[in-house]
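Quick notes on the structure that follows.
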Amino acid sequence: MREPSDLSKALEIILKNSALEQSNGSARNGHANPPIVTYGEEATPEGEMHLLDYWKTIRKRLWLIVGLALIVGAITALRQARQPDIYQARARVQVGAETYSPAMGASRGESYYPDNSYMEPEFFNTQVQILTSPTLLRRVARNLDLEHNRTFLDGRTENRSTWKSLLSMFGFGQKPQPKNQNVVLPDTSTPALASNGFSPDDPAEVERLTPYVESLQGMVDVEQVKKTYLIDLRATHTDPAVATKVVNAMADAFALWNLEVKTKTNTVAGSYLQKRIAELQSQIRSGEEQLVNYAQSHEILSLDASQNTVVERLAGLNKELLEAENDRGLAEAAYRTIQLPGATEANAEVSDKQIAELKSRLGELRQKRAQLLLTDTEESPEVKDATQQIATLEKQLADTRGSAKQVITTNLEVNYRKALDREKTLRDSFNKQRAETVQQNQAAINYNILKQEIETNKGLLAGLMQRSKENDVTMAGTPNNIHVVDYASIPKGAIGPRRMQAVMLAMVLAIAFGIALALFLEYLDDTVKDSRDVETGLRLPSLAIIPIAGRSRQRFLPISRALQRTNGNGASPELLINNAGSTVQAEAYKHLRTSILLSTAGRAPKSLLVTSSVPAEGKTTTVINTATVLAQTGAQVLIIDADMRRPRLHQVLDMSNDDGLSAILSSDMTEADVLSKIKKYQDTNIYLLSSGAIPPNPAELLGSSQMKQLLDIVGNNFNYVVIDSPPIASFTDGVLISALVDGVLLVVHGGKTSRQVVKRARQMLHEIGAKIIGVVLNKADVRAGSDYYYHYGYNGYYSRTEETNSPSESTSVTLVQK
């Protein structure tokens, strides 16, 4: 094997001197050697952020903040450019003191104050509320016919492109000027407006005008001029003419409304009087016509009681009706009596002589038969003849009785019906005559009532006409203390929208939201990104930060070119990543080399295990580059591919994998047999012990005594041994090897690997007593912060400067990089 170079010897001397100084210093002070301080013990607690951390986070996600601000600003600018210009028209009204009022008894020419309300703020606040009330605005909408005003509904119809609006917003184009339009001001003195006063609004009309009233409430603004009796009315709209019409109509409607309020009682009274006068006049005319027609239809010639014959006829009919009622009662009693049981037979025997004769003859025959039976039997002819005669007489007597009964009943019934019909006829005549009498009397009464009603209406009409004239005089003397001082004119320029202010506000809010979003994303980011995360979050030393090579993936270039000496003049060898001289990545691995050599007191670690938490973190890359920079010192470096799950080192170095680590661990070999399995990589100081055939039980092989024996053998023959192993979180291979080596390098993929996963790997290594030298932050994005530039930007300057210096000077610079 090749002996170590002068650089390696110099490193050993420095390490020995450092250990000697530490022991002497502790002896002089009377204390033992100070323990190694754990990284992060005095650092900021995990999760706490300083102002510098916020600044780094903002710089890291500056594209997000700027992009969000530009997008929101552009959207706001386009939206504002599409918004039409807003114009404002202003009118002014005066709420003055009330003047001469005959109704209140003031003298002519004097001012009259009913109370002190005009001097109080509440009065003006009330006027302001009235000006914006739905009732007043509904009158404005009705007077201006806003339902059919398409300019009010659709806004200004000026056609202007969005591009021109953007240019105008940023001051590069002409601002549009409103066209002169004739504004027709409503005349408050017209009866049409006055007629819209206190008549109750139709609910259907209120519902129909509600959208226009709400639009008016949104576009008008009312404000009192301080320390004056003046009130300013402002209306804003996209059409200046519409704004002017609305504000002028409001001023006139307010003045008219005030006048109507003052004359409300008189107006209501006058309307009522006029209505009643018209009604009375119509009633008088109708009553006179009705009186004449009534007299004609009822044939009323005279209302004198002495000339009335209807009553005398009614008295005669009444007397006859009483007699008929008596006759009907007697006939009815006889008829009811004959219907009693036995009454008919008794009446018949009493009244019918034939029945009596038959009864007498029947008695004689019965007596005769009885005498015959004394001497003869019933079979004798004389008895049979007497019996037959008796039967004949009995039958004749029964027939006679039935006939007499029927005759009596019929006669009584006929008499009753005749009496009833006579009574009914007389009663109908009596009722008819009485109705005629009552009708004649009622007609006379109604005639007198109609006549009296006409006289009463005439009296009421005269009184109401007098009151109406007095009310008109009172209304004529009522003053209006609200006057329109200034009518609005068409505004010349727009007052809004404030497009630039809206855009700037939107961008400021977007920037604030972007910063908050960036901080939130940073809070959710649990990956290890820089050395501070390693030292404070993982409590491990940060040995080196390996930056990612631009935006391309790191590639392995031929190591032979990285380890070759140029021209034999002892110049610094060319490093990997690229072959165009010293690079940032090369300087990072030089820094890693120095950190490894100075990581332990007394001597540098001889055997190193390079592992990671999860796959694809760059541990194989770190193994080759670490071996390369160690070999550049002239030391003999052995790379052991202990990743018997997915071995790659033989592919990278383009070497065979026939016999390797698995063959050595699975059999008893001598030192010579072991050394024979090791292959030298071209003309360099790097040697490779490949993984060999993939065994079914890698963990059992790596944890065997053969592995420890192998490390003892290679440790006696090489200056440094660098071991590549599978990820710790996935397999236990690396954990088993970590207990057999001098130190462990934990490779972490910057900005990708979770902090919790690395903590779990660290815990697994600490549990078995492994010595973790530190963390190599691989593939770090150096643009995210300034840590890398602090460590390596300055060093890069020295590296480029030392290319022109001697090899010894370059070596000395490399040694003090830590």
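Following the order of the structure tokens, chains are lettered A, B, ..., residues in each are numbered from 1, and ligands are numbered from 1.
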
> Can you tell me, as number ranges by chain, what residues are no more than 10 Å from Lys368 in chain A when counting only C-alpha atoms, ignoring any on the same chain fewer than 3 positions away?
Replying inline: A: 362-365, 371-373, 382-383, 386-387

> Using only C-alpha atoms, which residues sit within 9 Å of range 683-695 of chain A once same-chain residues fewer than 2 positions away are excluded, as JSON, numbers by chain?
Replying inline: {"A": [1, 2, 559, 560, 563, 564, 627, 628, 631, 632, 634, 635, 636, 637, 638, 639, 640, 641, 642, 643, 644, 645, 646, 647, 648, 649, 650, 653, 655, 656, 657, 658, 659, 660, 661, 662, 663, 677, 678, 679, 680, 681, 697, 698, 701]}

Those same residues - C-alpha atoms - I'd like them written as a PDB file, in the first residue's frame.
ATOM      1  CA  MET A   1       0.000   0.000   0.000  1.00  0.00           C
ATOM      2  CA  ARG A   2       1.057   3.618  -0.618  1.00  0.00           C
ATOM      3  CA  ILE A 559     -13.018   9.809 -10.618  1.00  0.00           C
ATOM      4  CA  SER A 560      -9.758   9.038 -12.352  1.00  0.00           C
ATOM      5  CA  LEU A 563      -7.592  12.112  -8.715  1.00  0.00           C
ATOM      6  CA  GLN A 564      -4.948  12.437 -11.412  1.00  0.00           C
ATOM      7  CA  ALA A 627     -13.170   9.164  -0.455  1.00  0.00           C
ATOM      8  CA  THR A 628     -11.937  11.341  -3.318  1.00  0.00           C
ATOM      9  CA  ALA A 631      -7.400  10.440  -1.254  1.00  0.00           C
ATOM     10  CA  GLN A 632      -6.262  13.827  -2.496  1.00  0.00           C
ATOM     11  CA  GLY A 634      -2.203  11.102  -0.381  1.00  0.00           C
ATOM     12  CA  ALA A 635      -3.918   8.729   2.036  1.00  0.00           C
ATOM     13  CA  GLN A 636      -4.961   5.211   1.102  1.00  0.00           C
ATOM     14  CA  VAL A 637      -8.783   5.158   1.129  1.00  0.00           C
ATOM     15  CA  LEU A 638     -10.922   2.022   0.996  1.00  0.00           C
ATOM     16  CA  ILE A 639     -14.559   2.167  -0.024  1.00  0.00           C
ATOM     17  CA  ILE A 640     -16.682  -0.732   1.225  1.00  0.00           C
ATOM     18  CA  ASP A 641     -20.036  -1.196  -0.470  1.00  0.00           C
ATOM     19  CA  ALA A 642     -22.045  -2.586   2.460  1.00  0.00           C
ATOM     20  CA  ASP A 643     -25.317  -1.769   0.759  1.00  0.00           C
ATOM     21  CA  MET A 644     -26.126  -5.347  -0.112  1.00  0.00           C
ATOM     22  CA  ARG A 645     -29.718  -4.376  -0.865  1.00  0.00           C
ATOM     23  CA  ARG A 646     -29.055  -2.117  -3.834  1.00  0.00           C
ATOM     24  CA  PRO A 647     -25.295  -1.957  -4.472  1.00  0.00           C
ATOM     25  CA  ARG A 648     -24.198   0.804  -6.871  1.00  0.00           C
ATOM     26  CA  LEU A 649     -20.572   1.621  -6.208  1.00  0.00           C
ATOM     27  CA  HIS A 650     -19.247  -0.941  -8.684  1.00  0.00           C
ATOM     28  CA  LEU A 653     -16.649   3.120 -10.630  1.00  0.00           C
ATOM     29  CA  MET A 655     -15.681  -2.203 -11.783  1.00  0.00           C
ATOM     30  CA  SER A 656     -16.657  -5.863 -11.495  1.00  0.00           C
ATOM     31  CA  ASN A 657     -18.778  -7.227  -8.677  1.00  0.00           C
ATOM     32  CA  ASP A 658     -17.863 -10.880  -8.827  1.00  0.00           C
ATOM     33  CA  ASP A 659     -16.311 -11.307  -5.401  1.00  0.00           C
ATOM     34  CA  GLY A 660     -16.923  -8.901  -2.631  1.00  0.00           C
ATOM     35  CA  LEU A 661     -18.129  -8.279   0.887  1.00  0.00           C
ATOM     36  CA  SER A 662     -20.772 -10.999   0.910  1.00  0.00           C
ATOM     37  CA  ALA A 663     -18.188 -13.656   0.031  1.00  0.00           C
ATOM     38  CA  LYS A 677     -10.850  -9.224  -2.852  1.00  0.00           C
ATOM     39  CA  ILE A 678     -10.053  -5.516  -2.738  1.00  0.00           C
ATOM     40  CA  LYS A 679      -9.610  -3.850  -6.121  1.00  0.00           C
ATOM     41  CA  LYS A 680      -7.747  -0.660  -6.832  1.00  0.00           C
ATOM     42  CA  TYR A 681      -9.486   1.953  -8.906  1.00  0.00           C
ATOM     43  CA  ASN A 697     -29.580 -12.315   4.913  1.00  0.00           C
ATOM     44  CA  PRO A 698     -27.514  -9.102   4.686  1.00  0.00           C
ATOM     45  CA  LEU A 701     -23.735 -11.035   7.757  1.00  0.00           C
TER      46      LEU A 701
END

> By how many Å are CA of Gln388 in chain A and CA of Thr400 in chain A apart?
Replying inline: 18.5 Å

> Between A:Val623, A:Val758, A:Val246, A:Val72, which has the minimum distance to Met504 in chain A (counting only C-alpha atoms)?
Replying inline: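 Answer, going by the shortest atom-to-atom distance: A:Val72.
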
>> One decimal, in Å: what's the spacing between CA of Tyr589 in chain A and CA of Lys771 in chain A?
In response: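 Interatomic distance here is 20.9 Å.
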
> What is the distance between CA of Pro547 in chain A and CA of Lys752 in chain A, in Å to one decimal?
Replying inline: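 Going from CA of Pro547 in chain A over to CA of Lys752 in chain A, I get 13.5 Å.
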
>> According to DSSP computed on the backbone, where in range 661-792 of chain A is there strand (DSSP E)? Give the residues as a PyMOL selection string.
In response: chain A and resi 679-680+686-689+720-724+743-749+772-780

Given the selection you just returned, output its residues as a file containing C-alpha atoms, formatted as a CSV table (one decimal), in the first residue's frame.
chain,number,residue,atom,x,y,z
A,679,LYS,CA,-9.6,-3.8,-6.1
A,680,LYS,CA,-7.7,-0.7,-6.8
A,686,ILE,CA,-8.9,4.7,-3.9
A,687,TYR,CA,-9.7,1.0,-3.4
A,688,LEU,CA,-13.1,-0.7,-3.6
A,689,LEU,CA,-14.5,-3.7,-1.8
A,720,TYR,CA,-9.3,5.6,5.9
A,721,VAL,CA,-12.2,3.2,5.4
A,722,VAL,CA,-15.5,4.7,4.1
A,723,ILE,CA,-18.5,2.4,4.2
A,724,ASP,CA,-21.7,2.8,2.2
A,743,GLY,CA,-17.8,7.6,13.3
A,744,VAL,CA,-21.1,7.9,11.3
A,745,LEU,CA,-21.9,10.5,8.7
A,746,LEU,CA,-25.6,11.1,8.3
A,747,VAL,CA,-26.5,12.3,4.9
A,748,VAL,CA,-29.7,14.4,4.7
A,749,HIS,CA,-31.3,15.6,1.5
A,772,ILE,CA,-22.5,10.4,15.0
A,773,ILE,CA,-19.8,12.8,13.7
A,774,GLY,CA,-22.3,15.1,12.1
A,775,VAL,CA,-24.7,15.7,9.3
A,776,VAL,CA,-23.9,16.3,5.6
A,777,LEU,CA,-26.7,18.5,4.2
A,778,ASN,CA,-26.7,17.3,0.6
A,779,LYS,CA,-28.4,18.8,-2.5
A,780,ALA,CA,-29.1,22.0,-0.6

> Which of these, A:Glu671, A:Leu592, A:His237, A:Gln585, has the shortest distance to Ala544 in chain A once you count only C-alpha atoms?
Replying inline: A:Leu592

>> Residues near range 316-319 of chain A, anyone? I mean within 10 Å using only C-alpha atoms, not counting same-chain ones fewer than 6 positions away, as a list in words.
In response: Leu426, Arg427, Asp428, Ser429, Phe430, Asn431, Gln433 and Arg434 of chain A

> Can you list, as a list in words, every protein, DNA or RNA residue that comes within 7 Å of range 272-289 of chain A when you count only C-alpha atoms, leaving out same-chain residues fewer than 4 positions away?
Replying inline: Val268, Asn293, Leu450, Ile454, Asn457, Lys458, Leu461, Leu464, Met465 and Ser468 of chain A

Output of the above residues as a CSV table (one decimal), in the first residue's frame, restricted to C-alpha atoms:
chain,number,residue,atom,x,y,z
A,268,VAL,CA,-106.9,67.5,4.1
A,293,ASN,CA,-141.0,60.4,-8.7
A,450,LEU,CA,-137.4,62.8,1.7
A,454,ILE,CA,-133.5,67.7,1.1
A,457,ASN,CA,-128.7,68.9,2.9
A,458,LYS,CA,-129.3,72.4,1.7
A,461,LEU,CA,-124.2,72.8,1.8
A,464,LEU,CA,-119.6,73.8,4.1
A,465,MET,CA,-119.2,76.3,1.3
A,468,SER,CA,-114.2,76.0,2.3
